[in-house]
Amino acid sequence: MSKRNDISTPAGYFEDLQQRLEGIPARKQVSPSGIMVRLTPYVAIAASFLVAVMIGNAILRQTAVPAEDDPWTYVSYLADALDPDGAALVDMAAWEEEEEGLYPEDIVNFLLADGISVEHLNYLSYEEGY
Amino acid sequence: MDGAERLFNEIVKDYSERVYWHVRRWVNNHEDADDLVQEIFLKIWTALPSFRGEAQLFTWIWRIATNETLNWLRREKVRAALRFSSIDTEMERRIDDDPFFDGDAADRALSKAVAKLPEKQRQVFVLRYYDEMPYEQMSEILGTSTGALKASYHIAQEKVRAALGHDLFSGTD
């Protein structure tokens with residue numbers, strides 16, 4: 001089984017990609033649209049409902065119990081890795097700690113990426129008490 | 001063409017293909033990989049004035065690529081939750097539907113097993129197994145010790161091995 005031959009791209013893709021990327025400096029100044037700033041209150045109410053549903057969903061997902069890693073895997077790695085003081089595992093545990101799940105900031109980032117303005121998010125947070 | 005633009009074009013020439021393959025392993029679909037690569041290079045161009053040269057260019061680019069990819073993944077998780085689905089199901093669907101996936105059933109199973117790894121373990125696995133990046137370089141990009149990365153890769157390998165039911169990794173660390 002090869003590592004890279006299992007996926008491909010359309011013919012000539014990388015030449016085209018390079019050309020498009022090299023065009024970025026010429027068109028990088030994109031002014032933000034003012035449309036969102038003038039959104040009607042109806043859209044704000046709909047977005048408010050959406051935020052409430054998604055945060056509820058995120059909380060439900062976070063409360064689900066994740067499967068535990070087999071502790072013997074860690075023990076066998078300790079023996080293999082010549083890591084007598086266990087520093088690698090401590091580091092790994094700390095590094096992998098913030099992990100998975102949906103967080104309110106993920107939802108906020110999603111909404112921002114979808115064009116909801118910061119002003120509306122602030123308004124919604126105030127309304128929802130978050 | 002000014003100095004920044006010249007440097008940016010050099011970065012595009014040297015790194016765009018490599019960044020694409022890295023991103024493609026995360027998003028499991030050519031169209032989304034293409035979009036995300038453009039977002040990453042837009043970010044690189046925007047951040048270029050703040051590149052001070054303390055970090056190696058490669059490390060700096062890869063940090064941006066990694067952060068943008070994780071941001072994309074988190075947005076996709078929200079999108080999946082909105083459809084009352086999960087990111088795992090979504091990734092499996094992408095692998096099955098990707099017209100530019102040329103591998104056999106075993107390759108497909110491997111891609112699906114990797115897609116199900118927790119975020120950090122998947123990061124390490126993609127960088128190590130597919131990109132063949134040395135642990136020292138990964139450590140600079142991901143901001144943790146090489147020991148932690150080796151442990152994380154080992155756990156990821158165990159999970160992939162268990163999912164596949166056979167050993168892919170003999171001879172690798």
# chains A, B, ... in the order shown; residues from 1 in each chain; ligands from 1
call {"tool": "residues_around", "arguments": {"residues": "Phe8 (chain B)", "least_positions_apart": "4", "cutoff": "8 Å", "atoms": "only C-alpha atoms", "output": "list of chain:residue names"}}
result
A:Glu22, B:Ala4, B:Val12, B:Trp45, B:Leu48
call {"tool": "residues_around", "arguments": {"residues": "region 132-134 of chain B", "least_positions_apart": "2", "cutoff": "12 Å", "atoms": "only C-alpha atoms", "output": "PyMOL selection string"}}
result
(chain A and resi 3-4) or (chain B and resi 18+22+58-59+62+123-130+136-141+146+149-150+172-173)
call {"tool": "closest_residue", "arguments": {"among": "B:Leu82, B:Val114, B:Met91, B:Ala105", "to": "chain A", "atoms": "only C-alpha atoms"}}
result
B:Leu82
call {"tool": "atom_distance", "arguments": {"atom1": "CA of Gln18 (chain A)", "atom2": "CA of Gln56 (chain B)"}}
result
22.1 Å
call {"tool": "select_by_dssp", "arguments": {"residues": "region 40-171 of chain B", "states": "alpha helix (DSSP H)", "output": "PyMOL selection string"}}
result
chain B and resi 40-47+57-82+87-97+105-115+119-125+135-142+146-164
call {"tool": "write_last_selection", "arguments": {"atoms": "C-alpha atoms", "output": "JSON list (two decimals), in the first residue's frame"}}
result
[["chain", "number", "residue", "atom", "x", "y", "z"],
["B", 40, "ILE", "CA", -3.84, 29.21, 3.82],
["B", 41, "PHE", "CA", -1.86, 31.13, 1.20],
["B", 42, "LEU", "CA", -4.07, 34.19, 1.64],
["B", 43, "LYS", "CA", -3.24, 34.01, 5.34],
["B", 44, "ILE", "CA", 0.46, 33.59, 4.54],
["B", 45, "TRP", "CA", 0.36, 36.68, 2.32],
["B", 46, "THR", "CA", -1.49, 38.71, 4.98],
["B", 47, "ALA", "CA", 0.92, 37.60, 7.71],
["B", 57, "LEU", "CA", 10.21, 29.87, 7.00],
["B", 58, "PHE", "CA", 9.16, 26.24, 6.71],
["B", 59, "THR", "CA", 8.06, 26.09, 10.37],
["B", 60, "TRP", "CA", 6.21, 29.38, 10.07],
["B", 61, "ILE", "CA", 4.32, 28.24, 6.94],
["B", 62, "TRP", "CA", 3.47, 24.91, 8.47],
["B", 63, "ARG", "CA", 2.14, 26.55, 11.64],
["B", 64, "ILE", "CA", -0.22, 28.65, 9.55],
["B", 65, "ALA", "CA", -1.27, 25.62, 7.50],
["B", 66, "THR", "CA", -1.88, 23.55, 10.64],
["B", 67, "ASN", "CA", -3.90, 26.28, 12.37],
["B", 68, "GLU", "CA", -6.02, 26.97, 9.31],
["B", 69, "THR", "CA", -6.66, 23.26, 8.83],
["B", 70, "LEU", "CA", -7.78, 22.86, 12.44],
["B", 71, "ASN", "CA", -10.04, 25.91, 12.09],
["B", 72, "TRP", "CA", -11.55, 24.31, 9.00],
["B", 73, "LEU", "CA", -12.07, 21.04, 10.86],
["B", 74, "ARG", "CA", -13.85, 22.83, 13.71],
["B", 75, "ARG", "CA", -16.14, 24.63, 11.27],
["B", 76, "GLU", "CA", -16.93, 21.28, 9.68],
["B", 77, "LYS", "CA", -17.76, 19.82, 13.08],
["B", 78, "VAL", "CA", -20.30, 22.58, 13.63],
["B", 79, "ARG", "CA", -21.68, 22.05, 10.12],
["B", 80, "ALA", "CA", -22.02, 18.31, 10.80],
["B", 81, "ALA", "CA", -23.71, 18.97, 14.16],
["B", 82, "LEU", "CA", -26.21, 21.24, 12.42],
["B", 87, "ILE", "CA", -17.59, 14.65, 11.65],
["B", 88, "ASP", "CA", -16.58, 10.95, 11.47],
["B", 89, "THR", "CA", -19.61, 10.11, 9.34],
["B", 90, "GLU", "CA", -18.96, 13.16, 7.20],
["B", 91, "MET", "CA", -15.32, 12.16, 6.63],
["B", 92, "GLU", "CA", -16.28, 8.60, 5.70],
["B", 93, "ARG", "CA", -18.72, 9.97, 3.16],
["B", 94, "ARG", "CA", -16.05, 12.25, 1.70],
["B", 95, "ILE", "CA", -13.60, 9.38, 1.31],
["B", 96, "ASP", "CA", -16.24, 7.25, -0.40],
["B", 97, "ASP", "CA", -17.38, 10.06, -2.70],
["B", 105, "ALA", "CA", -10.14, -1.04, -0.32],
["B", 106, "ALA", "CA", -7.17, -1.21, 2.05],
["B", 107, "ASP", "CA", -6.19, 2.40, 1.26],
["B", 108, "ARG", "CA", -9.77, 3.45, 1.84],
["B", 109, "ALA", "CA", -9.88, 1.64, 5.18],
["B", 110, "LEU", "CA", -6.63, 3.32, 6.22],
["B", 111, "SER", "CA", -7.94, 6.78, 5.28],
["B", 112, "LYS", "CA", -11.11, 6.15, 7.28],
["B", 113, "ALA", "CA", -9.18, 4.90, 10.30],
["B", 114, "VAL", "CA", -6.95, 7.99, 10.21],
["B", 115, "ALA", "CA", -9.97, 10.28, 9.87],
["B", 119, "GLU", "CA", -7.43, 15.72, 16.45],
["B", 120, "LYS", "CA", -3.93, 15.82, 17.94],
["B", 121, "GLN", "CA", -3.12, 12.19, 17.16],
["B", 122, "ARG", "CA", -4.34, 12.71, 13.63],
["B", 123, "GLN", "CA", -2.11, 15.76, 13.32],
["B", 124, "VAL", "CA", 0.91, 13.73, 14.38],
["B", 125, "PHE", "CA", -0.04, 10.77, 12.23],
["B", 135, "TYR", "CA", 9.95, 14.67, 15.02],
["B", 136, "GLU", "CA", 12.22, 17.67, 15.67],
["B", 137, "GLN", "CA", 10.49, 19.66, 12.95],
["B", 138, "MET", "CA", 7.05, 18.54, 14.15],
["B", 139, "SER", "CA", 8.00, 19.65, 17.64],
["B", 140, "GLU", "CA", 8.76, 23.18, 16.41],
["B", 141, "ILE", "CA", 5.51, 23.38, 14.49],
["B", 142, "LEU", "CA", 3.21, 21.87, 17.09],
["B", 146, "THR", "CA", 9.49, 15.11, 20.58],
["B", 147, "GLY", "CA", 8.78, 12.57, 23.34],
["B", 148, "ALA", "CA", 5.14, 13.63, 23.48],
["B", 149, "LEU", "CA", 4.91, 13.39, 19.69],
["B", 150, "LYS", "CA", 6.46, 9.91, 19.64],
["B", 151, "ALA", "CA", 4.04, 8.74, 22.32],
["B", 152, "SER", "CA", 1.13, 10.29, 20.45],
["B", 153, "TYR", "CA", 2.21, 8.67, 17.17],
["B", 154, "HIS", "CA", 2.55, 5.33, 18.87],
["B", 155, "ILE", "CA", -1.00, 5.53, 20.25],
["B", 156, "ALA", "CA", -2.29, 6.64, 16.85],
["B", 157, "GLN", "CA", -0.53, 3.69, 15.18],
["B", 158, "GLU", "CA", -2.09, 1.31, 17.69],
["B", 159, "LYS", "CA", -5.55, 2.66, 16.95],
["B", 160, "VAL", "CA", -5.07, 2.47, 13.19],
["B", 161, "ARG", "CA", -3.64, -1.03, 13.51],
["B", 162, "ALA", "CA", -6.65, -2.08, 15.59],
["B", 163, "ALA", "CA", -9.06, -0.53, 13.09],
["B", 164, "LEU", "CA", -7.39, -2.24, 10.12]]
call {"tool": "closest_residue", "arguments": {"among": "A:Ala94, A:Ile45, A:Ala88, A:Gly23", "to": "chain B", "atoms": "only C-alpha atoms"}}
result
A:Ala88
call {"tool": "atom_distance", "arguments": {"atom1": "CA of Lys13 (chain B)", "atom2": "CA of Arg20 (chain A)"}}
result
11.5 Å
call {"tool": "closest_residue", "arguments": {"among": "B:Tyr20, B:Ser145, B:Asp131, B:Phe100", "to": "Met92 (chain A)", "atoms": "only C-alpha atoms"}}
result
B:Ser145
call {"tool": "closest_residue", "arguments": {"among": "B:Phe169, B:Asp32, B:Ala55, B:Glu5", "to": "chain A", "atoms": "only C-alpha atoms"}}
result
B:Glu5
call {"tool": "residues_around", "arguments": {"residues": "Ser16 (chain B)", "least_positions_apart": "5", "cutoff": "9 Å", "atoms": "only C-alpha atoms", "output": "PDB file with N, CA and C atoms, in the first residue's frame"}}
result
ATOM      1  N   PHE A  14      -1.633  21.470 -10.430  1.00  0.00           N
ATOM      2  CA  PHE A  14      -0.672  22.252  -9.646  1.00  0.00           C
ATOM      3  C   PHE A  14      -0.178  23.503 -10.387  1.00  0.00           C
ATOM      4  N   LEU A  17      -3.026  25.866  -9.856  1.00  0.00           N
ATOM      5  CA  LEU A  17      -3.043  26.316  -8.457  1.00  0.00           C
ATOM      6  C   LEU A  17      -1.979  27.396  -8.233  1.00  0.00           C
ATOM      7  N   GLN A  18      -0.786  27.114  -8.741  1.00  0.00           N
ATOM      8  CA  GLN A  18       0.312  28.068  -8.560  1.00  0.00           C
ATOM      9  C   GLN A  18      -0.037  29.432  -9.167  1.00  0.00           C
ATOM     10  N   LEU A  21      -2.600  31.142  -6.917  1.00  0.00           N
ATOM     11  CA  LEU A  21      -2.014  31.612  -5.657  1.00  0.00           C
ATOM     12  C   LEU A  21      -1.140  32.843  -5.889  1.00  0.00           C
TER      13      LEU A  21
ATOM     14  N   ILE B  11       7.468  31.264  -2.059  1.00  0.00           N
ATOM     15  CA  ILE B  11       6.786  30.357  -1.125  1.00  0.00           C
ATOM     16  C   ILE B  11       5.764  29.510  -1.876  1.00  0.00           C
ATOM     17  N   TRP B  21      -0.998  18.502  -0.441  1.00  0.00           N
ATOM     18  CA  TRP B  21      -1.084  17.072  -0.085  1.00  0.00           C
ATOM     19  C   TRP B  21      -1.363  16.907   1.408  1.00  0.00           C
ATOM     20  N   VAL B  37      -6.342  25.397   0.680  1.00  0.00           N
ATOM     21  CA  VAL B  37      -4.987  25.820   0.305  1.00  0.00           C
ATOM     22  C   VAL B  37      -4.998  27.309  -0.052  1.00  0.00           C
ATOM     23  N   PHE B  41      -2.820  30.231   1.855  1.00  0.00           N
ATOM     24  CA  PHE B  41      -1.861  31.132   1.205  1.00  0.00           C
ATOM     25  C   PHE B  41      -2.301  32.591   1.302  1.00  0.00           C
TER      26      PHE B  41
END
